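Student: Contents are mmCIF, C-alpha atoms; chains and numbers go by the auth columns; file name final_9.cif:
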data_input
#
loop_
_atom_site.group_PDB
_atom_site.id
_atom_site.type_symbol
_atom_site.label_atom_id
_atom_site.label_comp_id
_atom_site.label_asym_id
_atom_site.label_seq_id
_atom_site.Cartn_x
_atom_site.Cartn_y
_atom_site.Cartn_z
_atom_site.B_iso_or_equiv
_atom_site.auth_seq_id
_atom_site.auth_asym_id
ATOM 1 C CA MET A 1 -2.054 -3.955 11.019 0.00 1 U
ATOM 2 C CA SER A 2 1.591 -4.537 10.287 0.00 2 U
ATOM 3 C CA ALA A 3 4.354 -6.262 12.213 0.00 3 U
ATOM 4 C CA ASP A 4 5.807 -2.866 13.143 0.00 4 U
ATOM 5 C CA SER A 5 2.546 -1.646 14.651 0.00 5 U
ATOM 6 C CA ASP A 6 2.105 -4.987 16.464 0.00 6 U
ATOM 7 C CA ASP A 7 5.586 -4.581 17.972 0.00 7 U
ATOM 8 C CA ALA A 8 4.813 -1.023 19.018 0.00 8 U
ATOM 9 C CA ILE A 9 1.535 -2.064 20.675 0.00 9 U
ATOM 10 C CA GLU A 10 3.223 -4.945 22.483 0.00 10 U
ATOM 11 C CA ALA A 11 6.019 -2.663 23.717 0.00 11 U
ATOM 12 C CA LEU A 12 3.440 -0.160 24.946 0.00 12 U
ATOM 13 C CA LEU A 13 1.522 -2.856 26.802 0.00 13 U
ATOM 14 C CA ARG A 14 4.680 -4.252 28.369 0.00 14 U
ATOM 15 C CA GLN A 15 5.574 -0.781 29.685 0.00 15 U
ATOM 16 C CA ASP A 16 2.419 -0.619 31.764 0.00 16 U
ATOM 17 C CA PHE A 17 2.104 -4.283 32.816 0.00 17 U
ATOM 18 C CA ASP A 18 5.312 -5.790 34.159 0.00 18 U
ATOM 19 C CA VAL A 19 3.605 -8.615 36.041 0.00 19 U
ATOM 20 C CA GLN A 20 1.931 -11.506 34.321 0.00 20 U
ATOM 21 C CA VAL A 21 -1.698 -12.104 35.221 0.00 21 U
ATOM 22 C CA GLU A 22 -2.478 -15.736 35.985 0.00 22 U
ATOM 23 C CA ASP A 23 -5.425 -16.965 33.969 0.00 23 U
ATOM 24 C CA ASP A 24 -5.102 -20.763 34.287 0.00 24 U
ATOM 25 C CA GLY A 25 -4.139 -21.157 30.606 0.00 25 U
ATOM 26 C CA PHE A 26 -7.117 -19.205 29.228 0.00 26 U
ATOM 27 C CA THR A 27 -4.977 -16.878 27.100 0.00 27 U
ATOM 28 C CA ALA A 28 -2.974 -19.770 25.607 0.00 28 U
ATOM 29 C CA HIS A 29 -6.209 -21.620 24.798 0.00 29 U
ATOM 30 C CA VAL A 30 -7.710 -18.562 23.083 0.00 30 U
ATOM 31 C CA MET A 31 -4.528 -17.919 21.106 0.00 31 U
ATOM 32 C CA ARG A 32 -4.498 -21.542 19.859 0.00 32 U
ATOM 33 C CA ALA A 33 -8.153 -21.255 18.817 0.00 33 U
ATOM 34 C CA LEU A 34 -7.638 -18.090 16.743 0.00 34 U
ATOM 35 C CA PRO A 35 -7.163 -18.528 12.984 0.00 35 U
ATOM 36 C CA ARG A 36 -3.706 -17.844 11.677 0.00 36 U
ATOM 37 C CA SER A 37 -3.208 -14.431 10.101 0.00 37 U
ATOM 38 C CA HIS A 38 -2.440 -14.291 6.402 0.00 38 U
ATOM 39 C CA ARG A 39 0.433 -12.019 5.529 0.00 39 U
ATOM 40 C CA TYR A 40 0.834 -11.276 1.872 0.00 40 U
ATOM 41 C CA GLY A 41 4.342 -11.135 0.557 0.00 41 U
ATOM 42 C CA GLY A 42 5.901 -8.277 -1.309 0.00 42 U
ATOM 43 C CA TRP A 43 4.726 -9.703 -4.620 0.00 43 U
ATOM 44 C CA LEU A 44 1.132 -8.457 -4.432 0.00 44 U
ATOM 45 C CA SER A 45 1.774 -4.778 -5.235 0.00 45 U
ATOM 46 C CA PRO A 46 4.085 -5.346 -8.239 0.00 46 U
ATOM 47 C CA VAL A 47 1.715 -7.923 -9.700 0.00 47 U
ATOM 48 C CA GLY A 48 -1.255 -5.579 -9.210 0.00 48 U
ATOM 49 C CA MET A 49 0.615 -2.713 -10.865 0.00 49 U
ATOM 50 C CA ALA A 50 1.630 -4.921 -13.802 0.00 50 U
ATOM 51 C CA VAL A 51 -1.926 -6.168 -14.297 0.00 51 U
ATOM 52 C CA GLY A 52 -3.279 -2.605 -14.071 0.00 52 U
ATOM 53 C CA ALA A 53 -0.711 -1.305 -16.548 0.00 53 U
ATOM 54 C CA GLY A 54 -1.492 -4.169 -18.934 0.00 54 U
ATOM 55 C CA LEU A 55 -5.231 -3.537 -18.757 0.00 55 U
ATOM 56 C CA CYS A 56 -4.715 0.208 -19.326 0.00 56 U
ATOM 57 C CA TRP A 57 -2.506 -0.502 -22.335 0.00 57 U
ATOM 58 C CA MET A 58 -5.069 -2.930 -23.792 0.00 58 U
ATOM 59 C CA THR A 59 -7.866 -0.405 -23.303 0.00 59 U
ATOM 60 C CA LEU A 60 -6.050 2.657 -24.632 0.00 60 U
ATOM 61 C CA ARG A 61 -3.776 1.207 -27.329 0.00 61 U
ATOM 62 C CA SER A 62 -6.119 2.173 -30.169 0.00 62 U
ATOM 63 C CA SER A 63 -7.206 5.522 -28.727 0.00 63 U
ATOM 64 C CA PRO A 64 -6.538 8.406 -31.155 0.00 64 U
ATOM 65 C CA ILE A 65 -5.330 10.744 -28.395 0.00 65 U
ATOM 66 C CA ILE A 66 -2.771 8.195 -27.189 0.00 66 U
ATOM 67 C CA LEU A 67 -1.521 7.535 -30.723 0.00 67 U
ATOM 68 C CA SER A 68 -1.283 11.273 -31.385 0.00 68 U
ATOM 69 C CA ALA A 69 0.495 11.846 -28.082 0.00 69 U
ATOM 70 C CA TRP A 70 3.088 9.155 -28.790 0.00 70 U
ATOM 71 C CA HIS A 71 3.653 10.491 -32.309 0.00 71 U
ATOM 72 C CA ASP A 72 4.092 14.074 -31.033 0.00 72 U
ATOM 73 C CA TRP A 73 6.288 13.044 -28.117 0.00 73 U
ATOM 74 C CA LEU A 74 8.583 10.881 -30.279 0.00 74 U
ATOM 75 C CA SER A 75 8.918 13.671 -32.846 0.00 75 U
ATOM 76 C CA GLY A 76 9.920 16.130 -30.114 0.00 76 U
ATOM 77 C CA ARG A 77 6.791 18.301 -30.190 0.00 77 U
ATOM 78 C CA LEU A 78 4.739 19.032 -27.102 0.00 78 U
ATOM 79 C CA SER A 79 1.062 19.088 -28.066 0.00 79 U
ATOM 80 C CA GLU A 80 -2.063 19.092 -25.927 0.00 80 U
ATOM 81 C CA SER A 81 -2.452 15.350 -26.282 0.00 81 U
ATOM 82 C CA ALA A 82 1.186 14.651 -25.395 0.00 82 U
ATOM 83 C CA GLY A 83 0.979 17.033 -22.445 0.00 83 U
ATOM 84 C CA SER A 84 -2.190 15.442 -21.115 0.00 84 U
ATOM 85 C CA VAL A 85 -0.754 11.953 -21.509 0.00 85 U
ATOM 86 C CA MET A 86 2.265 13.061 -19.431 0.00 86 U
ATOM 87 C CA ILE A 87 0.405 15.165 -16.852 0.00 87 U
ATOM 88 C CA VAL A 88 -2.202 12.571 -15.870 0.00 88 U
ATOM 89 C CA PRO A 89 0.294 9.854 -14.805 0.00 89 U
ATOM 90 C CA MET A 90 2.418 12.471 -13.024 0.00 90 U
ATOM 91 C CA GLY A 91 -0.639 13.725 -11.139 0.00 91 U
ATOM 92 C CA LEU A 92 -1.680 10.213 -10.183 0.00 92 U
ATOM 93 C CA SER A 93 1.871 9.463 -9.046 0.00 93 U
ATOM 94 C CA ALA A 94 1.875 12.606 -6.906 0.00 94 U
ATOM 95 C CA LEU A 95 -1.466 11.593 -5.345 0.00 95 U
ATOM 96 C CA GLY A 96 -0.106 8.117 -4.616 0.00 96 U
ATOM 97 C CA LEU A 97 3.015 9.611 -3.059 0.00 97 U
ATOM 98 C CA MET A 98 0.977 11.942 -0.843 0.00 98 U
ATOM 99 C CA TRP A 99 -1.213 9.023 0.243 0.00 99 U
ATOM 100 C CA ALA A 100 1.834 6.868 1.091 0.00 100 U
ATOM 101 C CA ILE A 101 3.428 9.698 3.078 0.00 101 U
ATOM 102 C CA SER A 102 0.221 10.337 5.020 0.00 102 U
ATOM 103 C CA GLU A 103 -0.143 6.619 5.817 0.00 103 U
ATOM 104 C CA ALA A 104 3.485 6.425 6.977 0.00 104 U
ATOM 105 C CA ALA A 105 3.035 9.528 9.137 0.00 105 U
ATOM 106 C CA GLU A 106 -0.141 8.067 10.669 0.00 106 U
ATOM 107 C CA ASP A 107 1.611 4.766 11.445 0.00 107 U
ATOM 108 C CA HIS A 108 4.540 6.669 12.918 0.00 108 U
ATOM 109 C CA ARG A 109 2.212 8.794 15.066 0.00 109 U
ATOM 110 C CA TYR A 110 0.589 5.688 16.538 0.00 110 U
ATOM 111 C CA ALA A 111 3.992 4.098 17.159 0.00 111 U
ATOM 112 C CA LEU A 112 5.073 7.129 19.198 0.00 112 U
ATOM 113 C CA ALA A 113 1.861 7.360 21.237 0.00 113 U
#
Can you turn what I pasted into structure tokens?

Tutor:
Amino acid sequence: MSADSDDAIEALLRQDFDVQVEDDGFTAHVMRALPRSHRYGGWLSPVGMAVGAGLCWMTLRSSPIILSAWHDWLSGRLSESAGSVMIVPMGLSALGLMWAISEAAEDHRYALA
């Protein structure tokens, strides 16, 4: 869960329960006993992408289709290998974009409920 969804849930709960229920400190005791949540900073995704890109480059740097695609692309010709090397990353980017949009829409739907 994210901070935004936590805020939305808390706002929803506060709408329905305006009075505080006395519990003789039970809630405060439970909250102190819970482990702290670990929130990862914004560095995790860029580092993961850099590591993934580096591993892909190390794996594919001597592949004949990649070398042929780079040679054709730099010379201005569009061959099957150059086209496939361009289409695959574009397709994966489109899939990632669709996934991100669907996740954002799902989070937004829960925030409005």

Student: Please indicate the distance in Å from CA of Glu10 in chain U to CA of Asp24 in chain U, rounded to one decimal place.

Tutor: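 These two atoms are separated by 21.4 Å.
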
Student: For the atom pair CA of Gly52 in chain U and CA of Ile101 in chain U, what is the interatomic distance in Å to one decimal place?

Tutor: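 About the pair CA of Gly52 in chain U and CA of Ile101 in chain U: they are 22.1 Å apart.
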
Student: Using all atoms listed in the file, which protein or nucleic acid residues come within 9 Å of range 65-74 of chain U? Drop anything in the same chain fewer than 4 positions from it, and give the result as an MDAnalysis selection string.

Tutor: chainID U and resid 60:61 78:86

Student: Could you work out how far CA of Ser102 in chain U lies from CA of Val51 in chain U, giving the answer in Å with one decimal?

Tutor: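 Answer for the CA of Val51 in chain U to CA of Ser102 in chain U separation: 25.5 Å.
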
Student: Considering all atoms listed in the file, state which residue in the set U:Gly76, U:Ala28, U:Met98, U:Pro89 is at the smallest distance from Ala53 in chain U.

Tutor: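 Ranking U:Gly76, U:Ala28, U:Met98, U:Pro89 by distance to Ala53 in chain U, first place goes to U:Pro89.
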
Student: Output as JSON the centre and edge lengths (Å, one decimal) of the box along x, y and z of the file that holds every listed atom of range 45-59 of chain U after adding 3 Å on each side.

Tutor:
{"center_x": -1.9, "center_y": -3.9, "center_z": -14.5, "size_x": 18.0, "size_y": 14.1, "size_z": 24.6}
